[in-house]
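Student: To start, I am sharing the structure in question, which I have written as structure tokens.
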Amino acid sequence: MPELTTGQALNKALSLILEQNPTAFIAGEDIGIYGGAFGVTDGLLAQYGEERIKDTPIAEDVIAGLAVGASMTGGKPIVEMQFSDFIVNAMDPIVNQAAKLHFMYGGSVNVPIIVRGASGAGTGAAAQHSQSLESWFCHVPGLKVVTPSNPQNAYDLLLHSFVDPNPVIFMEHKLIYKIKDNVELSDIPEESSMLGKANLVKEGNDMTIVAYSNMVNVAKEALAAEELQNCSIELIDLQTVSPIDYDTIKNSLKKTKRLLVCQEAPSNSSVGTTVISKIVESELFHELEVAPKLVSGLHSPMPSAKHLELNVIPQAEDITNAVKSML
């Protein structure tokens with residue numbers, strides 16, 4: 001298995017898709033000669049040409065609209081939004097068209113598009129380039145929302161997203177691009193069975209931590225703290241936040257009786273609050289030994305100054321302290 005960064009793993013997945021599917025193409029800003037803002041599409045223009053790698057104007061609404069139309073007429077578009085924050089400029093074609101057309105046309109059309117976007121903070125890019133907007137799209141019926149955390153599941157999830165007939169919002173946290181690991185370069189699957197399935201990262205008996213995207217890596221760091229070495233913590237990576245794999249969460253809680261959810265996004269109307277509310281209203285409520293907790297980002301625009309940014313984003317120490325308070 002080759003050792004790849006997450007960015008390189010995504011590049012391999014994109015190349016495989018383009019090689020095996022002549023109707024697939026990528027559209028976005030600076031994805032051609034420049035190779036994308038984070039280098040994910042590097043080299044693809046030379047390999048597949050301008051018809052397959054479409055360098056677009058700075059017009060997110062038009063890029064997403066192009067993808068919707070192409071997907072309805074047999075194309076398989078993958079859209080790269082340079083920063084996921086800019087998806088805001090394309091909400092109408094994504095939310096009012098892509099998410100609804102299969103339903104509104106009585107199932108006679110599918111809209112199989114992938115909208116990729118670099119999300120999250122930690123790079124000092126400030127308030128307009130550092131948001132975690134995944135909860136916006138979880139609220140929209142008809143969209144699936146995917147949040148990889150490492151090179152292997154980024155590769156696999158992108159391939160599974162490609163074969164799914166639904167529009168997929170694919171959020172790639174900026175801090176995972178340079179994470180390096182061995183990656184099994186499997187072929188394109190026949191079905192999108194990974195979507196809606198969480199991954200059990202680490203088994204344990206004392207508590208369940210549910211996280212997604214880069215917060216999975218922050219949770220791993222927290223669990224490595226010396227003061228938690230005698231604790232048996234189970235860690236679940238959601239992988240997709242719409243749909244959410246509640247069966248895996250519930251099976252874990254039947255054993256651990258404690259739930260901590262960790263996310264970078266603010267808590268208001270978020271993935272984490274949804275997970276907690278679903279568990280609290282379920283049959284497991286009376287089995288919990290302590291109230292569930294949520295470690296989340298502050299409800300604040302993201303500062304660019306490093307010391308302020310670190311205060312807005314949850315750190316490993318915050319998770320460690322939350323675990324200690326619940327045991």
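Chains: A, B, ... in order of the structure tokens. Residues: from 1 per chain. Ligands: from 1, in order shown.
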So which residues touch region 211-223 of chain A within 7 Å, counting only C-alpha atoms, skipping near sequence neighbours fewer than 3 positions away, as a ChimeraX atom specification?
Tutor: /A:147-149,173,175-176,228,236-239,261-264,315-317,319-320
Student: I want to know what sits within 6 Å of region 70-73 of chain A, based on only C-alpha atoms, with residues of the same chain fewer than 2 positions away left out; could you give that as an MDAnalysis selection string?
Tutor: chainID A and resid 67:68 75:76 111:112
Student: Suppose we keep C-alpha atoms; can you now write the selection as an mmCIF file, in the first residue's frame?
Tutor:
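The resulting file, part10.cif, is reproduced below:
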```cif
data_model
loop_
_atom_site.group_PDB
_atom_site.id
_atom_site.type_symbol
_atom_site.label_atom_id
_atom_site.label_comp_id
_atom_site.auth_asym_id
_atom_site.auth_seq_id
_atom_site.Cartn_x
_atom_site.Cartn_y
_atom_site.Cartn_z
ATOM 1 C CA ALA A 67 -23.230 20.508 -12.444
ATOM 2 C CA VAL A 68 -26.971 20.173 -11.843
ATOM 3 C CA GLY A 75 -22.962 13.627 -16.864
ATOM 4 C CA LYS A 76 -21.177 12.813 -13.603
ATOM 5 C CA VAL A 111 -28.772 14.456 -9.720
ATOM 6 C CA PRO A 112 -25.533 12.587 -8.925
#
```
Student: Would you please extract all helix (DSSP H, G or I) residues from region 27-194 of chain A, as assigned by DSSP on the backbone, and give them as number ranges by chain?
Tutor: A: 44-48, 60-72, 84-98, 101-104, 134-138, 151-163, 174-176
Student: Counting only C-alpha atoms, figure out which residue out of A:Gln82, A:Gln47, A:Asn182, A:Asn166 gets nearest to Gln8 (chain A).
Tutor: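 Comparing A:Gln82, A:Gln47, A:Asn182, A:Asn166 against Gln8 (chain A), the winner is A:Asn182.
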Student: Any idea what's packed within 6 Å of Asp245 (chain A), counting only C-alpha atoms, ignoring anything in its chain fewer than 2 positions away? Could you give it as an mmCIF file with C-alpha atoms, in the first residue's frame?
Tutor:
```
data_model
loop_
_atom_site.group_PDB
_atom_site.id
_atom_site.type_symbol
_atom_site.label_atom_id
_atom_site.label_comp_id
_atom_site.auth_asym_id
_atom_site.auth_seq_id
_atom_site.Cartn_x
_atom_site.Cartn_y
_atom_site.Cartn_z
ATOM 1 C CA GLY A 196 -24.423 6.356 6.419
ATOM 2 C CA LYS A 197 -21.950 3.998 8.120
ATOM 3 C CA ALA A 198 -19.764 5.113 11.025
ATOM 4 C CA ASP A 247 -27.166 2.030 15.228
ATOM 5 C CA THR A 248 -23.395 2.090 15.791
#
```
Student: Got a sec to tell me which of region 220-324 of chain A DSSP assigns to strand (DSSP E), as a PDB file with C-alpha atoms, in the first residue's frame?
Tutor:
```pdb
ATOM      1  CA  ILE A 233     -12.730   5.042  25.739  1.00  0.00           C
ATOM      2  CA  GLU A 234     -14.589   4.035  22.576  1.00  0.00           C
ATOM      3  CA  LEU A 235     -14.124   6.406  19.613  1.00  0.00           C
ATOM      4  CA  ILE A 236     -16.560   6.535  16.700  1.00  0.00           C
ATOM      5  CA  ASP A 237     -15.899   8.429  13.462  1.00  0.00           C
ATOM      6  CA  THR A 240     -21.137  10.870   7.107  1.00  0.00           C
ATOM      7  CA  VAL A 241     -23.221  13.365   9.059  1.00  0.00           C
ATOM      8  CA  SER A 242     -26.267  12.966   6.838  1.00  0.00           C
ATOM      9  CA  LEU A 259     -21.757   9.906  25.524  1.00  0.00           C
ATOM     10  CA  LEU A 260     -19.417  12.741  24.564  1.00  0.00           C
ATOM     11  CA  VAL A 261     -19.814  14.343  21.121  1.00  0.00           C
ATOM     12  CA  CYS A 262     -16.979  16.430  19.685  1.00  0.00           C
ATOM     13  CA  GLN A 263     -17.157  18.846  16.755  1.00  0.00           C
ATOM     14  CA  GLU A 264     -15.385  21.962  15.527  1.00  0.00           C
ATOM     15  CA  ALA A 265     -18.608  23.705  14.489  1.00  0.00           C
ATOM     16  CA  PRO A 266     -20.556  25.892  16.949  1.00  0.00           C
ATOM     17  CA  LYS A 293     -21.900  16.394  26.753  1.00  0.00           C
ATOM     18  CA  LEU A 294     -20.933  18.305  23.634  1.00  0.00           C
ATOM     19  CA  VAL A 295     -17.473  19.756  23.043  1.00  0.00           C
ATOM     20  CA  SER A 296     -17.839  22.290  20.234  1.00  0.00           C
ATOM     21  CA  GLY A 297     -16.460  25.481  18.762  1.00  0.00           C
TER      22      GLY A 297
END
```
Student: Which residue gives the smallest distance to Lys100 (chain A) among A:Gly74, A:Gly49, A:Pro167, A:Gly7, with only C-alpha atoms counted?
Tutor: A:Pro167
Student: If we count only C-alpha atoms and set the cut-off at 12 Å, which residues sit around Ala291 (chain A), ignoring sequence neighbours fewer than 6 positions away in its own chain? Please answer as a ChimeraX atom specification.
Tutor: /A:207,257-261,276-277,279-280,284-285,322,325-327
Student: Would you save the residues of that selection, restricted to C-alpha atoms, as a CSV table (one decimal), in the first residue's frame?
Tutor:
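Now in out19.csv:
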```
chain,number,residue,atom,x,y,z
A,207,MET,CA,-17.3,6.1,27.5
A,257,LYS,CA,-23.5,4.3,29.2
A,258,ARG,CA,-21.7,7.7,28.6
A,259,LEU,CA,-21.8,9.9,25.5
A,260,LEU,CA,-19.4,12.7,24.6
A,261,VAL,CA,-19.8,14.3,21.1
A,276,ILE,CA,-27.4,14.1,21.6
A,277,SER,CA,-31.2,14.8,21.2
A,279,ILE,CA,-30.1,9.6,22.0
A,280,VAL,CA,-31.9,11.4,24.8
A,284,LEU,CA,-31.3,4.4,25.8
A,285,PHE,CA,-32.0,7.6,27.8
A,322,ALA,CA,-14.6,16.7,29.3
A,325,SER,CA,-15.5,15.3,34.2
A,326,MET,CA,-17.8,12.5,33.0
A,327,LEU,CA,-16.0,9.5,34.5
```
Student: Figure out the distance between CA of Ser119 (chain A) and CA of Gly43 (chain A), please, to one decimal in Å.
Tutor: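 So the answer is 22.6 Å.
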Student: What gap, in Å, lies between CA of Phe86 (chain A) and CA of Met171 (chain A)?
Tutor: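 Straight-line distance from CA of Phe86 (chain A) to CA of Met171 (chain A) works out to 12.3 Å.
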Student: Go through A:Gln152, A:Lys255, A:Val115, A:Ser304 one by one, measure the shortest atom-to-atom distance of each to Glu80 (chain A) using only C-alpha atoms, and give the residue with the smallest value.
Tutor: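 The closest residue to Glu80 (chain A) is A:Val115.
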Student: So, with only C-alpha atoms as the atoms that count, which of A:Cys138, A:Leu200, A:Leu253, A:Phe170 lies closest to Ser270 (chain A)?
Tutor: A:Cys138
Student: For Leu158 (chain A), which residue out of A:Ala90, A:Val275, A:Leu14, A:Cys231 is the nearest one, using only C-alpha atoms?
Tutor: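 Closest residue, counting only C-alpha atoms: A:Leu14.
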